[in-house]
Amino acid sequence: MEHVFGPVLSRRLGMSLGIDPIPLKTCNWNCVYCQLGRTIPLTNERREYFPRQEILDGIILALDKHSPGEIDWVTFVGSGEPTLHTGLGWLIRRVKRISALPVAVITNGALLYLPEVRRELSAADAVLPSLDAGDAQQYKAINRPWPALKFECVVDGMVAFRREYCGELWIEVMLLHGMNDCDVSLRKLARHMETIQPDQVHLNQPVRPPAEAWVLPPEESAILCASEIFGEIAKVVPPSKVSIGISQDDDLVRAILEIVSRHPMSENELLEALHNWKPNEVNENLRLLQSSGKAQVVERYGQRFWSAISARYSDRDKG
């Protein structure tokens, strides 16, 4: 199922069935911390990248395959920015018709200034946009956006969406050492949150291989400081391991590729996820994975991570 993966254990959404409506890596941001690597080239074109009915058919097959209780959320989370797919609103509403499961959309939020995008997302039960910067300079340094996507438009779009939207609005802040984790930066962000009025602010840190080798997670003291500044709506997202649902009936190499193409995994996580297989089977499938020409190993934070071969990472120091 090309557009459907998991369910994957999400740090915020439990067992999440992932829906990916766009090709890797189709995005209007080029975030320094992105686990899917650099965006080359940037794009801000909204179109139907894959036929919406084809995506829906894959969702129906996946839902039929799993028993009640095995999936907590259906989550639209692209290999880039899912709101670039013009059929996203149609897909959300079709899923709501065929399933009682709640629907979430993980987005950078850059296009929320467009009324049509706000209407498309209005049917979701939860929308999780990102706001990593308190001002335009930081926004350019961290998110490296499509030039026309100005910081003020991003914030104004979130304000407008909050005013119209009845579901849960959870804003993610990716905290980065030396970039947005000081007191001044956090207080600027907090002032924007006061204006936007999200239900929750999720304080996150890079635990997957960032696009840029120099990106580091914040110190624990910075996370505690952020939590205090944002107040009661702040939720610290704890680092966790990826849990993948692979049955004995699945093609193991293909199943792993579907996951690591969207959620790079450490080698230790892969070995743990495959504990039900015999060691010789695991070793053989990891060998096949590396020789497939579709996966690569990226080293970050002293660990080996498996990712899609097409993802582009830098190994150079900043500058």
# chains A, B, ... in the order shown; residues from 1 in each chain; ligands from 1
$ select_by_dssp --residues "stretch 25-274 of chain A" --states "alpha helix (DSSP H)" --output "PDB file with C-alpha atoms, in the first residue's frame"
ATOM      1  CA  ARG A  52      -7.337  10.739  -4.376  1.00  0.00           C
ATOM      2  CA  GLN A  53      -9.375   7.603  -5.044  1.00  0.00           C
ATOM      3  CA  GLU A  54      -6.183   5.540  -5.175  1.00  0.00           C
ATOM      4  CA  ILE A  55      -5.204   6.874  -1.739  1.00  0.00           C
ATOM      5  CA  LEU A  56      -8.693   6.217  -0.359  1.00  0.00           C
ATOM      6  CA  ASP A  57      -8.676   2.649  -1.682  1.00  0.00           C
ATOM      7  CA  GLY A  58      -5.441   2.033   0.218  1.00  0.00           C
ATOM      8  CA  ILE A  59      -6.958   3.446   3.408  1.00  0.00           C
ATOM      9  CA  ILE A  60     -10.010   1.189   3.080  1.00  0.00           C
ATOM     10  CA  LEU A  61      -7.809  -1.891   2.604  1.00  0.00           C
ATOM     11  CA  ALA A  62      -5.713  -0.995   5.659  1.00  0.00           C
ATOM     12  CA  LEU A  63      -8.748  -0.384   7.869  1.00  0.00           C
ATOM     13  CA  ASP A  64     -10.290  -3.698   6.803  1.00  0.00           C
ATOM     14  CA  LYS A  65      -7.036  -5.487   7.621  1.00  0.00           C
ATOM     15  CA  LEU A  88      -6.726  16.423   1.271  1.00  0.00           C
ATOM     16  CA  GLY A  89     -10.082  17.806   2.392  1.00  0.00           C
ATOM     17  CA  TRP A  90     -11.944  15.256   0.262  1.00  0.00           C
ATOM     18  CA  LEU A  91      -9.877  12.438   1.760  1.00  0.00           C
ATOM     19  CA  ILE A  92     -10.460  13.589   5.347  1.00  0.00           C
ATOM     20  CA  ARG A  93     -14.219  13.682   4.804  1.00  0.00           C
ATOM     21  CA  ARG A  94     -14.302  10.266   3.097  1.00  0.00           C
ATOM     22  CA  VAL A  95     -12.367   8.692   5.971  1.00  0.00           C
ATOM     23  CA  LYS A  96     -14.827  10.226   8.434  1.00  0.00           C
ATOM     24  CA  ARG A  97     -17.671   8.599   6.493  1.00  0.00           C
ATOM     25  CA  ILE A  98     -16.240   5.091   6.496  1.00  0.00           C
ATOM     26  CA  PRO A 115      -9.174  30.061   3.213  1.00  0.00           C
ATOM     27  CA  GLU A 116      -9.460  26.931   1.067  1.00  0.00           C
ATOM     28  CA  VAL A 117      -6.826  25.112   3.114  1.00  0.00           C
ATOM     29  CA  ARG A 118      -8.559  26.074   6.354  1.00  0.00           C
ATOM     30  CA  ARG A 119     -11.845  24.693   4.967  1.00  0.00           C
ATOM     31  CA  GLU A 120     -10.174  21.444   3.917  1.00  0.00           C
ATOM     32  CA  LEU A 121      -8.717  20.867   7.388  1.00  0.00           C
ATOM     33  CA  ALA A 136      11.023  36.241  10.801  1.00  0.00           C
ATOM     34  CA  GLN A 137      14.791  35.923  11.154  1.00  0.00           C
ATOM     35  CA  GLN A 138      14.573  32.710  13.150  1.00  0.00           C
ATOM     36  CA  TYR A 139      11.883  31.379  10.828  1.00  0.00           C
ATOM     37  CA  LYS A 140      14.178  31.768   7.842  1.00  0.00           C
ATOM     38  CA  ALA A 141      17.102  30.186   9.683  1.00  0.00           C
ATOM     39  CA  ILE A 142      15.201  27.158  11.012  1.00  0.00           C
ATOM     40  CA  ASN A 143      12.454  26.444   8.483  1.00  0.00           C
ATOM     41  CA  PHE A 151       6.451  34.591   8.827  1.00  0.00           C
ATOM     42  CA  GLU A 152       3.591  37.010   9.444  1.00  0.00           C
ATOM     43  CA  CYS A 153       1.353  35.021   7.062  1.00  0.00           C
ATOM     44  CA  VAL A 154       2.119  31.803   8.936  1.00  0.00           C
ATOM     45  CA  VAL A 155       1.114  33.296  12.284  1.00  0.00           C
ATOM     46  CA  ASP A 156      -1.934  35.085  10.849  1.00  0.00           C
ATOM     47  CA  GLY A 157      -3.043  31.842   9.206  1.00  0.00           C
ATOM     48  CA  MET A 158      -2.936  30.011  12.539  1.00  0.00           C
ATOM     49  CA  VAL A 159      -4.899  32.800  14.205  1.00  0.00           C
ATOM     50  CA  ALA A 160      -7.560  32.644  11.486  1.00  0.00           C
ATOM     51  CA  PHE A 161      -7.733  28.855  11.655  1.00  0.00           C
ATOM     52  CA  ARG A 162      -8.147  28.873  15.430  1.00  0.00           C
ATOM     53  CA  ARG A 163     -11.014  31.343  15.079  1.00  0.00           C
ATOM     54  CA  GLU A 164     -12.852  29.062  12.627  1.00  0.00           C
ATOM     55  CA  ASP A 183      14.747  32.688  27.198  1.00  0.00           C
ATOM     56  CA  VAL A 184      14.293  35.558  24.717  1.00  0.00           C
ATOM     57  CA  SER A 185      13.332  33.247  21.842  1.00  0.00           C
ATOM     58  CA  LEU A 186      10.931  31.224  23.969  1.00  0.00           C
ATOM     59  CA  ARG A 187       9.149  34.331  25.245  1.00  0.00           C
ATOM     60  CA  LYS A 188       8.673  35.581  21.678  1.00  0.00           C
ATOM     61  CA  LEU A 189       7.112  32.238  20.789  1.00  0.00           C
ATOM     62  CA  ALA A 190       4.928  32.331  23.877  1.00  0.00           C
ATOM     63  CA  ARG A 191       3.503  35.726  22.875  1.00  0.00           C
ATOM     64  CA  HIS A 192       2.427  34.276  19.535  1.00  0.00           C
ATOM     65  CA  MET A 193       0.798  31.348  21.326  1.00  0.00           C
ATOM     66  CA  GLU A 194      -1.184  33.792  23.435  1.00  0.00           C
ATOM     67  CA  THR A 195      -2.526  35.294  20.220  1.00  0.00           C
ATOM     68  CA  ILE A 196      -3.197  31.981  18.460  1.00  0.00           C
ATOM     69  CA  GLU A 220      17.189  19.508  29.634  1.00  0.00           C
ATOM     70  CA  SER A 221      17.233  22.896  31.362  1.00  0.00           C
ATOM     71  CA  ALA A 222      15.998  24.577  28.165  1.00  0.00           C
ATOM     72  CA  ILE A 223      13.083  22.133  27.913  1.00  0.00           C
ATOM     73  CA  LEU A 224      12.099  22.858  31.512  1.00  0.00           C
ATOM     74  CA  CYS A 225      12.388  26.598  30.861  1.00  0.00           C
ATOM     75  CA  ALA A 226      10.155  26.312  27.789  1.00  0.00           C
ATOM     76  CA  SER A 227       7.586  24.337  29.728  1.00  0.00           C
ATOM     77  CA  GLU A 228       7.445  27.008  32.427  1.00  0.00           C
ATOM     78  CA  ILE A 229       7.180  29.863  29.923  1.00  0.00           C
ATOM     79  CA  PHE A 230       4.366  28.267  27.902  1.00  0.00           C
ATOM     80  CA  LEU A 252       9.599  -7.873   5.597  1.00  0.00           C
ATOM     81  CA  VAL A 253      11.905  -5.738   3.462  1.00  0.00           C
ATOM     82  CA  ARG A 254       8.991  -3.926   1.826  1.00  0.00           C
ATOM     83  CA  ALA A 255       7.271  -3.335   5.181  1.00  0.00           C
ATOM     84  CA  ILE A 256      10.440  -1.853   6.700  1.00  0.00           C
ATOM     85  CA  LEU A 257      10.992   0.369   3.667  1.00  0.00           C
ATOM     86  CA  GLU A 258       7.441   1.736   3.941  1.00  0.00           C
ATOM     87  CA  ILE A 259       8.157   2.791   7.514  1.00  0.00           C
ATOM     88  CA  VAL A 260      11.726   4.133   7.288  1.00  0.00           C
ATOM     89  CA  GLU A 267      19.254   0.125  13.835  1.00  0.00           C
ATOM     90  CA  ASN A 268      18.570  -0.826  17.461  1.00  0.00           C
ATOM     91  CA  GLU A 269      14.868  -0.029  16.958  1.00  0.00           C
ATOM     92  CA  LEU A 270      14.766  -2.197  13.863  1.00  0.00           C
ATOM     93  CA  LEU A 271      16.356  -5.119  15.674  1.00  0.00           C
ATOM     94  CA  GLU A 272      13.930  -4.705  18.555  1.00  0.00           C
ATOM     95  CA  ALA A 273      10.930  -4.502  16.209  1.00  0.00           C
TER      96      ALA A 273
END
$ residues_around --residues "stretch 290-298 of chain A" --least-positions-apart "4" --cutoff "8 Å" --atoms "only C-alpha atoms" --output "list in words"
Pro209, Leu257, Leu286, Arg304, Phe305, Trp306, Ser307, Ala308, Ile309, Ser310 and Tyr313 of chain A
$ write_last_selection --atoms "C-alpha atoms" --output "short mmCIF file (atom, residue, chain, number, x, y, z; two decimals), in the first residue's frame"
data_model
loop_
_atom_site.label_atom_id
_atom_site.label_comp_id
_atom_site.auth_asym_id
_atom_site.auth_seq_id
_atom_site.Cartn_x
_atom_site.Cartn_y
_atom_site.Cartn_z
CA PRO A 209 18.46 12.11 11.94
CA LEU A 257 10.99 0.37 3.67
CA LEU A 286 18.76 -6.20 6.75
CA ARG A 304 22.96 4.42 12.84
CA PHE A 305 19.57 5.34 11.35
CA TRP A 306 17.88 3.69 8.38
CA SER A 307 16.17 6.02 5.93
CA ALA A 308 15.05 6.20 2.29
CA ILE A 309 17.88 6.26 -0.24
CA SER A 310 16.41 9.40 -1.85
CA TYR A 313 21.37 14.63 4.46
#
$ atom_distance --atom1 "atom CA of A:Tyr49" --atom2 "atom CA of A:Val74"
19.9 Å
$ closest_residue --among "A:Gln35, A:Thr75, A:Thr43, A:Ser99" --to "A:Ser10" --atoms "only C-alpha atoms"
A:Thr75
$ select_by_dssp --residues "stretch 218-283 of chain A" --states "strand (DSSP E)" --output "PDB file with C-alpha atoms, in the first residue's frame"
ATOM      1  CA  ALA A 234       2.693  22.972  27.266  1.00  0.00           C
ATOM      2  CA  LYS A 235       3.208  19.247  26.831  1.00  0.00           C
ATOM      3  CA  VAL A 236       6.768  17.928  26.679  1.00  0.00           C
ATOM      4  CA  MET A 265      14.562   4.247  12.506  1.00  0.00           C
ATOM      5  CA  SER A 266      17.684   3.507  14.441  1.00  0.00           C
TER       6      SER A 266
END
$ residues_around --residues "stretch 101-108 of chain A" --least-positions-apart "6" --cutoff "10 Å" --atoms "only C-alpha atoms" --output "PyMOL selection string"
chain A and resi 13+16-19+27-29+63+68-69+71-78+80-84+88+92-93+95+121+123-132+143+154+167-172
$ closest_residue --among "A:His202, A:Pro238, A:Arg46, A:Val207" --to "A:Arg11" --atoms "only C-alpha atoms"
A:Pro238
$ atom_distance --atom1 "atom CA of A:Pro264" --atom2 "atom CA of A:Lys150"
29.6 Å
